[in-house]
Each structure stands twice: as C-alpha cells, then as structure tokens.
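Asker: CSV, C-alpha atoms, file coords_1.csv:
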chain,number,residue,atom,x,y,z
A,755,MET,CA,-62.6,7.1,-52.2
A,756,LEU,CA,-65.0,5.7,-49.8
A,757,THR,CA,-66.8,8.1,-47.6
A,758,THR,CA,-67.4,7.0,-44.1
A,759,ILE,CA,-71.0,7.4,-43.0
A,760,VAL,CA,-70.9,8.8,-39.5
A,761,ARG,CA,-73.9,7.7,-37.5
A,762,SER,CA,-74.4,9.0,-34.1
A,763,TYR,CA,-76.6,7.4,-31.6
A,764,ARG,CA,-77.9,8.7,-28.4
A,765,PRO,CA,-76.4,6.8,-25.5
A,766,ILE,CA,-78.8,4.2,-24.1
A,767,SER,CA,-79.0,6.0,-20.8
A,768,GLN,CA,-80.8,8.9,-22.4
A,769,ILE,CA,-83.3,6.6,-24.2
A,770,LEU,CA,-84.0,4.3,-21.3
A,771,PRO,CA,-83.6,6.3,-18.1
A,772,ARG,CA,-82.3,4.4,-15.1
A,773,ALA,CA,-85.0,2.4,-13.4
A,774,SER,CA,-83.8,3.5,-10.1
A,775,LEU,CA,-85.1,7.0,-10.8
A,776,PHE,CA,-88.7,5.6,-10.7
A,777,HIS,CA,-88.6,2.7,-8.2
A,778,THR,CA,-85.9,2.1,-5.7
A,779,SER,CA,-87.3,-0.2,-3.1
A,780,THR,CA,-88.9,-2.9,-5.2
A,781,ILE,CA,-85.8,-3.8,-7.2
A,782,ALA,CA,-83.7,-6.5,-5.5
A,783,GLN,CA,-80.1,-5.4,-5.2
A,784,THR,CA,-77.7,-8.1,-6.0
A,785,PRO,CA,-74.6,-7.8,-3.8
A,786,ILE,CA,-71.3,-7.2,-5.7
A,787,THR,CA,-68.9,-10.0,-4.6
A,788,THR,CA,-65.3,-9.1,-5.2
A,789,ASN,CA,-64.1,-12.4,-3.7
A,790,THR,CA,-65.9,-15.3,-5.4
A,791,LYS,CA,-63.8,-18.0,-3.8
A,792,LYS,CA,-64.9,-21.5,-3.7
A,793,PRO,CA,-64.3,-23.1,-0.2
A,794,SER,CA,-61.8,-25.9,-0.1
A,795,SER,CA,-63.0,-29.5,0.2
A,796,VAL,CA,-60.7,-29.9,3.2
A,797,PRO,CA,-62.0,-27.8,6.1
A,798,LYS,CA,-59.7,-26.3,8.8
A,799,GLY,CA,-58.5,-28.7,11.3
A,800,THR,CA,-58.7,-32.0,9.4
A,801,VAL,CA,-55.6,-34.1,9.8
A,802,LEU,CA,-53.8,-34.7,6.4
A,803,LYS,CA,-53.1,-38.3,6.8
A,804,GLY,CA,-50.1,-40.2,5.3
A,805,LEU,CA,-47.8,-37.2,4.9
A,806,GLN,CA,-45.6,-37.9,7.9
A,807,PHE,CA,-42.6,-40.0,7.3
A,808,LEU,CA,-40.6,-39.1,10.5
A,809,LYS,CA,-41.1,-41.5,13.4
A,810,ASP,CA,-41.6,-38.8,16.0
A,811,GLY,CA,-43.5,-36.4,13.8
A,812,GLN,CA,-47.3,-35.9,13.4
A,813,ASP,CA,-49.5,-35.6,10.4
A,814,PRO,CA,-49.9,-32.0,9.3
A,815,VAL,CA,-53.2,-30.3,10.1
A,816,ALA,CA,-55.1,-28.4,7.5
A,817,LEU,CA,-55.2,-24.6,8.1
A,818,ASP,CA,-57.9,-22.1,7.2
A,819,ASP,CA,-58.3,-21.4,3.5
A,820,SER,CA,-57.1,-17.8,3.9
A,821,GLU,CA,-53.8,-19.0,5.5
A,822,TYR,CA,-52.6,-20.6,2.3
A,823,PRO,CA,-51.0,-18.5,-0.4
A,824,GLU,CA,-53.1,-17.0,-3.2
A,825,TRP,CA,-51.5,-18.8,-6.1
A,826,LEU,CA,-52.5,-22.2,-4.6
A,827,TRP,CA,-56.2,-21.8,-5.6
A,828,ASP,CA,-55.3,-20.9,-9.2
A,829,LEU,CA,-53.3,-24.1,-9.8
A,830,LEU,CA,-56.3,-26.1,-10.9
A,831,ASP,CA,-57.7,-23.4,-13.1
A,832,GLU,CA,-56.4,-24.2,-16.6
A,833,LYS,CA,-57.2,-20.9,-18.1
A,834,LYS,CA,-55.3,-18.9,-15.5
A,835,MET,CA,-52.4,-21.2,-15.7
A,836,LYS,CA,-52.2,-20.7,-19.4
A,837,GLN,CA,-52.2,-17.0,-19.0
A,838,LYS,CA,-49.1,-17.3,-16.9
A,839,THR,CA,-47.0,-18.7,-19.6
A,840,LYS,CA,-45.6,-15.2,-20.3
A,841,LYS,CA,-45.6,-15.0,-24.0
A,842,PRO,CA,-45.4,-11.4,-25.3
A,843,VAL,CA,-48.6,-10.1,-26.9
A,844,ASN,CA,-47.1,-7.7,-29.4
A,845,ARG,CA,-46.8,-7.5,-33.2
A,846,GLN,CA,-43.1,-8.0,-33.3
A,847,TYR,CA,-43.3,-11.4,-31.5
A,848,HIS,CA,-46.1,-12.7,-33.7
A,849,ARG,CA,-44.4,-11.6,-36.9
A,850,LYS,CA,-41.3,-13.4,-35.7
A,851,GLN,CA,-43.3,-16.5,-35.0
A,852,SER,CA,-45.0,-16.5,-38.4
A,853,ARG,CA,-41.6,-16.0,-40.1
A,854,GLU,CA,-40.2,-19.0,-38.3
A,855,ALA,CA,-43.3,-21.0,-39.2
A,856,ILE,CA,-42.8,-20.1,-42.9
A,857,LYS,CA,-39.2,-21.1,-42.8
A,858,ALA,CA,-40.1,-24.4,-41.2
A,859,MET,CA,-42.8,-25.0,-43.9
A,860,ASN,CA,-40.4,-24.2,-46.7
A,861,PHE,CA,-37.8,-26.5,-45.2
A,862,MET,CA,-40.4,-29.3,-45.1
A,863,LYS,CA,-41.6,-28.7,-48.6
A,864,ASP,CA,-38.1,-28.4,-50.1
A,865,LYS,CA,-37.9,-31.2,-52.6
A,866,LYS,CA,-34.4,-30.6,-53.8
A,867,ASN,CA,-32.7,-31.4,-50.5
B,1185,MET,CA,4.7,-29.5,-10.0
B,1186,SER,CA,1.2,-30.5,-8.9
B,1187,LYS,CA,-0.2,-33.7,-10.0
B,1188,LYS,CA,-3.7,-33.7,-11.4
B,1189,THR,CA,-5.4,-36.8,-10.1
B,1190,GLN,CA,-8.3,-37.8,-12.1
B,1191,THR,CA,-11.1,-38.8,-9.8
B,1192,ALA,CA,-13.6,-40.5,-12.0
B,1193,GLU,CA,-16.7,-40.3,-9.9
B,1194,VAL,CA,-19.4,-42.9,-10.4
B,1195,PHE,CA,-23.0,-42.2,-9.3
B,1196,VAL,CA,-25.2,-45.1,-8.2
B,1197,LYS,CA,-28.9,-44.3,-7.8
B,1198,LEU,CA,-30.9,-46.6,-5.5
B,1199,LEU,CA,-34.3,-46.7,-3.9
B,1200,ILE,CA,-33.8,-48.1,-0.4
B,1201,GLY,CA,-36.3,-48.6,2.4
B,1202,ALA,CA,-35.5,-46.5,5.5
B,1203,GLY,CA,-33.4,-48.5,8.0
B,1204,LYS,CA,-33.4,-51.6,5.7
B,1205,ALA,CA,-30.2,-51.6,3.7
B,1206,SER,CA,-27.9,-54.5,2.9
B,1207,PRO,CA,-30.1,-57.1,1.3
B,1208,SER,CA,-28.3,-58.7,-1.6
B,1209,PRO,CA,-30.6,-57.9,-4.5
B,1210,PRO,CA,-30.8,-54.1,-4.5
B,1211,VAL,CA,-27.8,-52.8,-2.6
B,1212,GLY,CA,-25.2,-55.6,-2.6
B,1213,PRO,CA,-24.2,-56.1,-6.2
B,1214,ALA,CA,-24.7,-52.5,-7.2
B,1215,LEU,CA,-22.1,-51.3,-4.7
B,1216,GLY,CA,-20.0,-54.4,-4.6
B,1217,ALA,CA,-19.4,-54.3,-8.4
B,1218,ARG,CA,-17.8,-50.9,-7.9
B,1219,GLY,CA,-15.6,-52.0,-5.1
B,1220,VAL,CA,-17.5,-50.5,-2.2
B,1221,LYS,CA,-18.1,-52.6,0.9
B,1222,SER,CA,-21.8,-52.8,1.2
B,1223,MET,CA,-21.8,-53.3,4.9
B,1224,ASP,CA,-20.1,-50.0,5.5
B,1225,PHE,CA,-22.7,-48.2,3.4
B,1226,CYS,CA,-25.6,-50.0,5.0
B,1227,LYS,CA,-24.4,-49.1,8.6
B,1228,GLN,CA,-24.1,-45.4,7.6
B,1229,PHE,CA,-27.4,-45.4,5.8
B,1230,ASN,CA,-29.3,-47.1,8.6
B,1231,ASP,CA,-27.8,-44.6,11.0
B,1232,LYS,CA,-28.9,-41.7,9.0
B,1233,THR,CA,-32.4,-43.0,8.4
B,1234,LYS,CA,-33.3,-44.3,11.9
B,1235,HIS,CA,-35.5,-41.2,12.6
B,1236,ILE,CA,-37.6,-42.1,9.6
B,1237,VAL,CA,-40.5,-44.5,9.7
B,1238,ALA,CA,-39.2,-47.9,8.6
B,1239,ASP,CA,-39.7,-49.0,5.0
B,1240,THR,CA,-40.4,-45.6,3.5
B,1241,PRO,CA,-38.6,-45.7,0.1
B,1242,LEU,CA,-35.8,-43.2,0.0
B,1243,PRO,CA,-34.0,-42.4,-3.2
B,1244,THR,CA,-30.3,-42.2,-2.5
B,1245,VAL,CA,-27.4,-41.1,-4.7
B,1246,ILE,CA,-24.1,-42.7,-3.9
B,1247,THR,CA,-21.0,-41.1,-5.2
B,1248,ILE,CA,-18.1,-43.5,-5.5
B,1249,LYS,CA,-14.6,-42.1,-6.1
B,1250,SER,CA,-11.7,-43.9,-7.8
B,1251,ASP,CA,-10.1,-44.7,-4.4
B,1252,ARG,CA,-13.3,-46.6,-3.4
B,1253,SER,CA,-14.4,-44.1,-0.9
B,1254,PHE,CA,-18.1,-43.0,-1.0
B,1255,THR,CA,-20.5,-40.3,0.0
B,1256,PHE,CA,-24.2,-40.5,-0.3
B,1257,ILE,CA,-27.2,-38.2,-0.3
B,1258,VAL,CA,-30.5,-39.3,1.0
B,1259,LYS,CA,-33.5,-37.5,-0.6
B,1260,SER,CA,-37.1,-37.2,0.4
B,1261,PRO,CA,-39.5,-40.1,-0.5
B,1262,PRO,CA,-40.9,-40.1,-4.0
B,1263,THR,CA,-43.8,-37.8,-4.8
B,1264,THR,CA,-46.0,-40.8,-5.9
B,1265,TYR,CA,-45.4,-42.4,-2.5
B,1266,PHE,CA,-46.8,-39.3,-0.7
B,1267,LEU,CA,-49.7,-39.0,-3.2
B,1268,LYS,CA,-50.8,-42.6,-2.8
B,1269,LYS,CA,-50.6,-42.4,1.0
B,1270,ALA,CA,-52.6,-39.2,1.0
B,1271,ALA,CA,-55.2,-40.6,-1.3
B,1272,GLY,CA,-55.3,-43.8,0.8
B,1273,ILE,CA,-54.4,-46.2,-2.1
B,1274,THR,CA,-51.6,-48.7,-2.5
B,1275,LYS,CA,-51.3,-48.8,-6.3
B,1276,GLY,CA,-51.8,-46.1,-8.9
B,1277,ALA,CA,-54.3,-46.4,-11.7
B,1278,GLN,CA,-53.9,-49.0,-14.5
B,1279,THR,CA,-54.8,-46.5,-17.2
B,1280,PRO,CA,-54.0,-43.0,-15.7
B,1281,GLY,CA,-55.7,-40.8,-18.3
B,1282,THR,CA,-59.1,-42.4,-18.1
B,1283,GLU,CA,-59.1,-44.1,-14.7
B,1284,VAL,CA,-59.2,-42.2,-11.4
B,1285,ALA,CA,-57.6,-44.2,-8.6
B,1286,GLY,CA,-58.0,-41.7,-5.8
B,1287,GLN,CA,-58.5,-38.1,-4.7
B,1288,VAL,CA,-56.3,-35.6,-3.0
B,1289,SER,CA,-56.9,-32.0,-2.2
B,1290,LEU,CA,-54.8,-28.9,-2.9
B,1291,LYS,CA,-53.9,-28.6,0.8
B,1292,HIS,CA,-52.4,-32.1,0.7
B,1293,VAL,CA,-50.4,-31.1,-2.4
B,1294,TYR,CA,-49.2,-28.0,-0.6
B,1295,GLU,CA,-48.0,-30.0,2.4
B,1296,ILE,CA,-46.2,-32.4,0.1
B,1297,ALA,CA,-44.5,-29.5,-1.7
B,1298,LYS,CA,-43.3,-28.2,1.7
B,1299,ILE,CA,-41.7,-31.6,2.4
B,1300,LYS,CA,-40.2,-31.8,-1.1
B,1301,GLN,CA,-38.7,-28.4,-0.9
B,1302,GLN,CA,-36.3,-29.6,1.9
B,1303,ASP,CA,-34.6,-31.7,-0.8
B,1304,VAL,CA,-31.1,-30.6,-1.8
B,1305,ASN,CA,-32.0,-30.4,-5.5
B,1306,LEU,CA,-35.3,-28.6,-5.0
B,1307,LYS,CA,-34.4,-25.9,-2.5
B,1308,HIS,CA,-33.9,-23.2,-5.2
B,1309,LEU,CA,-37.4,-23.7,-6.7
B,1310,SER,CA,-40.4,-21.7,-5.6
B,1311,LEU,CA,-43.2,-23.6,-3.8
B,1312,GLU,CA,-45.5,-22.6,-6.6
B,1313,SER,CA,-43.4,-24.5,-9.2
B,1314,ILE,CA,-43.1,-27.5,-7.0
B,1315,THR,CA,-46.8,-27.7,-6.4
B,1316,SER,CA,-47.6,-27.5,-10.1
B,1317,SER,CA,-45.1,-30.4,-10.7
B,1318,ILE,CA,-46.8,-32.4,-8.0
B,1319,ILE,CA,-50.1,-31.9,-9.7
B,1320,GLY,CA,-48.5,-33.2,-12.9
B,1321,VAL,CA,-47.3,-36.3,-11.1
B,1322,ALA,CA,-50.8,-36.9,-9.7
B,1323,LYS,CA,-52.2,-36.8,-13.2
B,1324,SER,CA,-49.7,-39.5,-14.3
B,1325,VAL,CA,-50.7,-41.8,-11.5
B,1326,GLY,CA,-54.4,-41.3,-11.9
B,1327,ILE,CA,-55.0,-39.3,-8.8
B,1328,GLN,CA,-57.4,-36.4,-9.1
B,1329,VAL,CA,-56.5,-33.2,-7.4
B,1330,VAL,CA,-59.6,-31.5,-5.9
B,1331,HIS,CA,-60.0,-27.9,-4.8
When written as structure tokens, how does the structure in this file appear?
Answerer:
Amino acid sequence: MLTTIVRSYRPISQILPRASLFHTSTIAQTPITTNTKKPSSVPKGTVLKGLQFLKDGQDPVALDDSEYPEWLWDLLDEKKMKQKTKKPVNRQYHRKQSREAIKAMNFMKDKKN
Amino acid sequence: MSKKTQTAEVFVKLLIGAGKASPSPPVGPALGARGVKSMDFCKQFNDKTKHIVADTPLPTVITIKSDRSFTFIVKSPPTTYFLKKAAGITKGAQTPGTEVAGQVSLKHVYEIAKIKQQDVNLKHLSLESITSSIIGVAKSVGIQVVH
C-alpha cells in the first residue's frame, strides 16, 4: 500500500506579504475592465449602402454599437461559437461516444462481411 | 360519396428580375411547357414587384395545379446579391477560400438578416441563426466579415 506523503505549504500570502502594506501610492493601479469590447469598424451614423431594394426606401443607417444585440459581436469569435454547440460534458455522453466509435471501428475492420 | 381529386402540384423555381418578366429564355418555356400562359404570370409578377427597384433578382416559386391554375410566392433577393452590393463588388471571388473579394461589417450582416427574416420560409428562425448563415454564405463568396 502506498502511503501518501502529505506536504503542507504555507500560503504565498504569508511568505510574501502584500506589497500594498508597504507602499500604496507608487504602484500603478491597472483598472479592471469588465467590458473589453472592441469597437465596430462601422461607426454610428454611416449609411449601409446597397441594402435597399425597395424603390421608395432608404439605405439603413448604422446604429450605435450598444444598440445591437449582444450575440452579434460573438458571431466572428470561433471559440465562442464552438462552445455554443451544446454537447453535454458528462461521463455518460463520452462513454456512449466511445462505444459508438468502437462499434464503427469493428464494423470497418470486419473481414468476414 | 366524395370524389378525391388528385391535384398533382408542380413547383417551378425561377430567378426573375423585378418588373422584368416574360422574356422567352427564362420564364416562357419553363411555364409554357406546363400549360401556363406566361403572359398572365408576367402581368401578375410585374404588378407585385413594381415597388421594388428594377432588375433586382427575385427568386420565385410558382405552384402549378393540374387544372393549369397557378399561384406564386416571391421571396427576398438572394443573400449573395446583398453581400456583393454591400461590399461594393459585382462578382464574387474566383477562389473563395484563399481570395478575398470584398469586406462587409457585422452591422451590414445584421441588416441583411433583418431583410431576410421577412421571407416566408425564414420567419420562424431566430435572427442569430440567420446572421450566422449569412456569415457562412459570405465565406463561400470570398467576402470577409469584419467586426
């Protein structure tokens, strides 16, 4: 039987005390940005040409970035779009997937049929 | 006893310029072969599309019944047409994957999706799914979608 060696370390905050305790004013405080949104290449008010096919209509005008729905800005982000494919992340699903893969491989390797 | 009349409906799909129906090549033979008088259709079509800028390609689906009567649905112009106009180009890229023919922004794509959602067959879809389809179409034509 293996015996697990328990090692305990002091948390880093005890070894290296927070710098703010010693000097507060000299450290530059980086602002925490919750909304890191890239501004759109089409600013508010630009006429979106070519999208009017009615005779008496007018080309639509671009609105402010915030007036468009949230999901619009994620559409070009490949990572985010892949996350939305809604495959379950549990053991049952993955076991089923691997069983199906094994069956497929066995079918392909079956030389008798 | 009721008679069951079999109405074998034939669908004819055509791409016609707004207000410009009845030339022999596209419309005439396609309808004439199924027994529909092309002049009748052309008058109705041109009436329906007179509020649209002339020459915009409009996909139409004409349903012809066995008694030679017809109904038709006019859909919104093709997505590639909108994308090319928004990008300011007349033709798409020769090799779409590698070549970039033009650029379009997400706001353009959003407006195109709003127009497309008015279509009969797209009304049930969310704007999000329509916009992602349009981005896919832009890829196939070699138009880059920018933020």
Asker: Report as a VMD selection string the set of chain B residues whose atoms approach chain A to within 7 Å, with distances computed over all atoms listed in the file.
Answerer: chain B and resid 1235 to 1237 1266 1269 to 1270 1289 1291 to 1292 1296 1316 1331
Asker: Could you tell me how far atom CA of B:Leu1199 lies from atom CA of B:Pro1241, in Å and to one decimal?
Answerer: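 Distance between the two atoms: 6.0 Å.
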Asker: Dump as a list in words all residues having an atom at most 12 Å from (-49.2, -36.3, -14.1), computed in the file's coordinates with only C-alpha atoms.
Answerer: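 Result, sorted by chain then residue number: Thr1263, Thr1264, Leu1267, Gly1276, Ala1277, Pro1280, Gly1281, Val1284, Thr1315, Ser1316, Ser1317, Ile1318, Ile1319, Gly1320, Val1321, Ala1322, Lys1323, Ser1324, Val1325, Gly1326, Ile1327, Gln1328 and Val1329 of chain B.
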Asker: Using all atoms listed in the file, can you list as a PyMOL selection string the residues within 10 Å of (-29.9, -42.2, -1.0)?
Answerer: chain B and resi 1196-1202+1229+1233+1241-1247+1255-1261
Asker: Report, in Å to a single decimal, how far apart atom CA of A:Gln812 and atom CA of B:Cys1226 are.
Answerer: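 Between atom CA of B:Cys1226 and atom CA of A:Gln812 the gap works out to 27.2 Å.
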Asker: Would you compute the distance between atom CA of A:Lys791 and atom CA of B:Glu1283? Give it in Å to one decimal.
Answerer: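 Atom CA of A:Lys791 sits 28.7 Å away from atom CA of B:Glu1283.
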Asker: So which one's closest to B:Ser1313, B:Ile1248, B:Val1330, B:Ala1217, B:Ala1297? Using all atoms listed in the file, please.
Answerer: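 Checking each candidate against B:Ser1313, we get B:Ala1297 as the closest.
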Asker: Output as a PDB file, keeping the file's coordinate frame: stretch 1254-1265 of chain B, completed with all heavy atoms.
Answerer:
ATOM      1  N   PHE B1254     -16.743 -43.430  -0.528  1.00  0.00           N
ATOM      2  CA  PHE B1254     -18.100 -43.000  -1.000  1.00  0.00           C
ATOM      3  C   PHE B1254     -18.716 -42.012  -0.111  1.00  0.00           C
ATOM      4  O   PHE B1254     -18.437 -41.946   1.080  1.00  0.00           O
ATOM      5  CB  PHE B1254     -18.963 -44.250  -1.196  1.00  0.00           C
ATOM      6  CG  PHE B1254     -19.262 -44.944   0.107  1.00  0.00           C
ATOM      7  CD1 PHE B1254     -20.386 -44.601   0.843  1.00  0.00           C
ATOM      8  CD2 PHE B1254     -18.429 -45.953   0.592  1.00  0.00           C
ATOM      9  CE1 PHE B1254     -20.661 -45.238   2.046  1.00  0.00           C
ATOM     10  CE2 PHE B1254     -18.711 -46.591   1.781  1.00  0.00           C
ATOM     11  CZ  PHE B1254     -19.829 -46.225   2.516  1.00  0.00           C
ATOM     12  N   THR B1255     -19.565 -41.237  -0.730  1.00  0.00           N
ATOM     13  CA  THR B1255     -20.500 -40.300   0.000  1.00  0.00           C
ATOM     14  C   THR B1255     -21.852 -40.568  -0.542  1.00  0.00           C
ATOM     15  O   THR B1255     -21.999 -40.973  -1.695  1.00  0.00           O
ATOM     16  CB  THR B1255     -20.078 -38.864  -0.170  1.00  0.00           C
ATOM     17  OG1 THR B1255     -19.970 -38.600  -1.557  1.00  0.00           O
ATOM     18  CG2 THR B1255     -18.786 -38.516   0.527  1.00  0.00           C
ATOM     19  N   PHE B1256     -22.863 -40.297   0.249  1.00  0.00           N
ATOM     20  CA  PHE B1256     -24.200 -40.500  -0.300  1.00  0.00           C
ATOM     21  C   PHE B1256     -25.150 -39.381   0.212  1.00  0.00           C
ATOM     22  O   PHE B1256     -24.968 -38.808   1.280  1.00  0.00           O
ATOM     23  CB  PHE B1256     -24.765 -41.856   0.021  1.00  0.00           C
ATOM     24  CG  PHE B1256     -24.933 -42.135   1.492  1.00  0.00           C
ATOM     25  CD1 PHE B1256     -26.163 -41.943   2.093  1.00  0.00           C
ATOM     26  CD2 PHE B1256     -23.877 -42.611   2.249  1.00  0.00           C
ATOM     27  CE1 PHE B1256     -26.336 -42.215   3.447  1.00  0.00           C
ATOM     28  CE2 PHE B1256     -24.043 -42.877   3.591  1.00  0.00           C
ATOM     29  CZ  PHE B1256     -25.270 -42.677   4.196  1.00  0.00           C
ATOM     30  N   ILE B1257     -26.133 -39.122  -0.630  1.00  0.00           N
ATOM     31  CA  ILE B1257     -27.200 -38.200  -0.300  1.00  0.00           C
ATOM     32  C   ILE B1257     -28.491 -38.888  -0.238  1.00  0.00           C
ATOM     33  O   ILE B1257     -28.828 -39.645  -1.149  1.00  0.00           O
ATOM     34  CB  ILE B1257     -27.257 -37.034  -1.365  1.00  0.00           C
ATOM     35  CG1 ILE B1257     -25.947 -36.275  -1.447  1.00  0.00           C
ATOM     36  CG2 ILE B1257     -28.386 -36.065  -1.042  1.00  0.00           C
ATOM     37  CD1 ILE B1257     -25.850 -35.387  -2.663  1.00  0.00           C
ATOM     38  N   VAL B1258     -29.223 -38.670   0.839  1.00  0.00           N
ATOM     39  CA  VAL B1258     -30.500 -39.300   1.000  1.00  0.00           C
ATOM     40  C   VAL B1258     -31.591 -38.203   0.680  1.00  0.00           C
ATOM     41  O   VAL B1258     -31.595 -37.144   1.297  1.00  0.00           O
ATOM     42  CB  VAL B1258     -30.759 -39.845   2.397  1.00  0.00           C
ATOM     43  CG1 VAL B1258     -32.128 -40.473   2.516  1.00  0.00           C
ATOM     44  CG2 VAL B1258     -29.688 -40.865   2.713  1.00  0.00           C
ATOM     45  N   LYS B1259     -32.442 -38.489  -0.282  1.00  0.00           N
ATOM     46  CA  LYS B1259     -33.500 -37.500  -0.600  1.00  0.00           C
ATOM     47  C   LYS B1259     -34.794 -37.875   0.003  1.00  0.00           C
ATOM     48  O   LYS B1259     -34.958 -38.935   0.591  1.00  0.00           O
ATOM     49  CB  LYS B1259     -33.616 -37.477  -2.169  1.00  0.00           C
ATOM     50  CG  LYS B1259     -32.344 -37.068  -2.880  1.00  0.00           C
ATOM     51  CD  LYS B1259     -32.654 -36.723  -4.328  1.00  0.00           C
ATOM     52  CE  LYS B1259     -31.787 -37.538  -5.247  1.00  0.00           C
ATOM     53  NZ  LYS B1259     -32.115 -37.287  -6.651  1.00  0.00           N
ATOM     54  N   SER B1260     -35.757 -36.983  -0.154  1.00  0.00           N
ATOM     55  CA  SER B1260     -37.100 -37.200   0.400  1.00  0.00           C
ATOM     56  C   SER B1260     -37.785 -38.324  -0.391  1.00  0.00           C
ATOM     57  O   SER B1260     -37.471 -38.527  -1.561  1.00  0.00           O
ATOM     58  CB  SER B1260     -37.909 -35.948   0.428  1.00  0.00           C
ATOM     59  OG  SER B1260     -38.015 -35.432  -0.862  1.00  0.00           O
ATOM     60  N   PRO B1261     -38.764 -39.005   0.227  1.00  0.00           N
ATOM     61  CA  PRO B1261     -39.500 -40.100  -0.500  1.00  0.00           C
ATOM     62  C   PRO B1261     -40.075 -39.617  -1.786  1.00  0.00           C
ATOM     63  O   PRO B1261     -40.338 -38.421  -1.964  1.00  0.00           O
ATOM     64  CB  PRO B1261     -40.546 -40.522   0.508  1.00  0.00           C
ATOM     65  CG  PRO B1261     -40.037 -40.112   1.824  1.00  0.00           C
ATOM     66  CD  PRO B1261     -39.214 -38.889   1.594  1.00  0.00           C
ATOM     67  N   PRO B1262     -40.333 -40.527  -2.722  1.00  0.00           N
ATOM     68  CA  PRO B1262     -40.900 -40.100  -4.000  1.00  0.00           C
ATOM     69  C   PRO B1262     -42.254 -39.477  -3.881  1.00  0.00           C
ATOM     70  O   PRO B1262     -43.016 -39.779  -2.962  1.00  0.00           O
ATOM     71  CB  PRO B1262     -40.992 -41.441  -4.793  1.00  0.00           C
ATOM     72  CG  PRO B1262     -40.119 -42.394  -4.081  1.00  0.00           C
ATOM     73  CD  PRO B1262     -40.068 -41.975  -2.678  1.00  0.00           C
ATOM     74  N   THR B1263     -42.560 -38.565  -4.802  1.00  0.00           N
ATOM     75  CA  THR B1263     -43.800 -37.800  -4.800  1.00  0.00           C
ATOM     76  C   THR B1263     -45.016 -38.809  -4.860  1.00  0.00           C
ATOM     77  O   THR B1263     -46.040 -38.632  -4.196  1.00  0.00           O
ATOM     78  CB  THR B1263     -43.922 -36.829  -5.915  1.00  0.00           C
ATOM     79  OG1 THR B1263     -42.695 -36.128  -5.992  1.00  0.00           O
ATOM     80  CG2 THR B1263     -45.047 -35.848  -5.691  1.00  0.00           C
ATOM     81  N   THR B1264     -44.867 -39.843  -5.721  1.00  0.00           N
ATOM     82  CA  THR B1264     -46.000 -40.800  -5.900  1.00  0.00           C
ATOM     83  C   THR B1264     -46.262 -41.523  -4.578  1.00  0.00           C
ATOM     84  O   THR B1264     -47.415 -41.822  -4.283  1.00  0.00           O
ATOM     85  CB  THR B1264     -45.621 -41.839  -6.969  1.00  0.00           C
ATOM     86  OG1 THR B1264     -44.310 -42.335  -6.719  1.00  0.00           O
ATOM     87  CG2 THR B1264     -45.675 -41.229  -8.340  1.00  0.00           C
ATOM     88  N   TYR B1265     -45.230 -41.771  -3.792  1.00  0.00           N
ATOM     89  CA  TYR B1265     -45.400 -42.400  -2.500  1.00  0.00           C
ATOM     90  C   TYR B1265     -46.322 -41.550  -1.601  1.00  0.00           C
ATOM     91  O   TYR B1265     -47.277 -42.024  -0.990  1.00  0.00           O
ATOM     92  CB  TYR B1265     -44.069 -42.658  -1.847  1.00  0.00           C
ATOM     93  CG  TYR B1265     -44.123 -43.155  -0.422  1.00  0.00           C
ATOM     94  CD1 TYR B1265     -44.433 -44.478  -0.142  1.00  0.00           C
ATOM     95  CD2 TYR B1265     -43.856 -42.305   0.633  1.00  0.00           C
ATOM     96  CE1 TYR B1265     -44.485 -44.936   1.160  1.00  0.00           C
ATOM     97  CE2 TYR B1265     -43.903 -42.750   1.939  1.00  0.00           C
ATOM     98  CZ  TYR B1265     -44.219 -44.060   2.204  1.00  0.00           C
ATOM     99  OH  TYR B1265     -44.265 -44.487   3.502  1.00  0.00           O
TER     100      TYR B1265
END
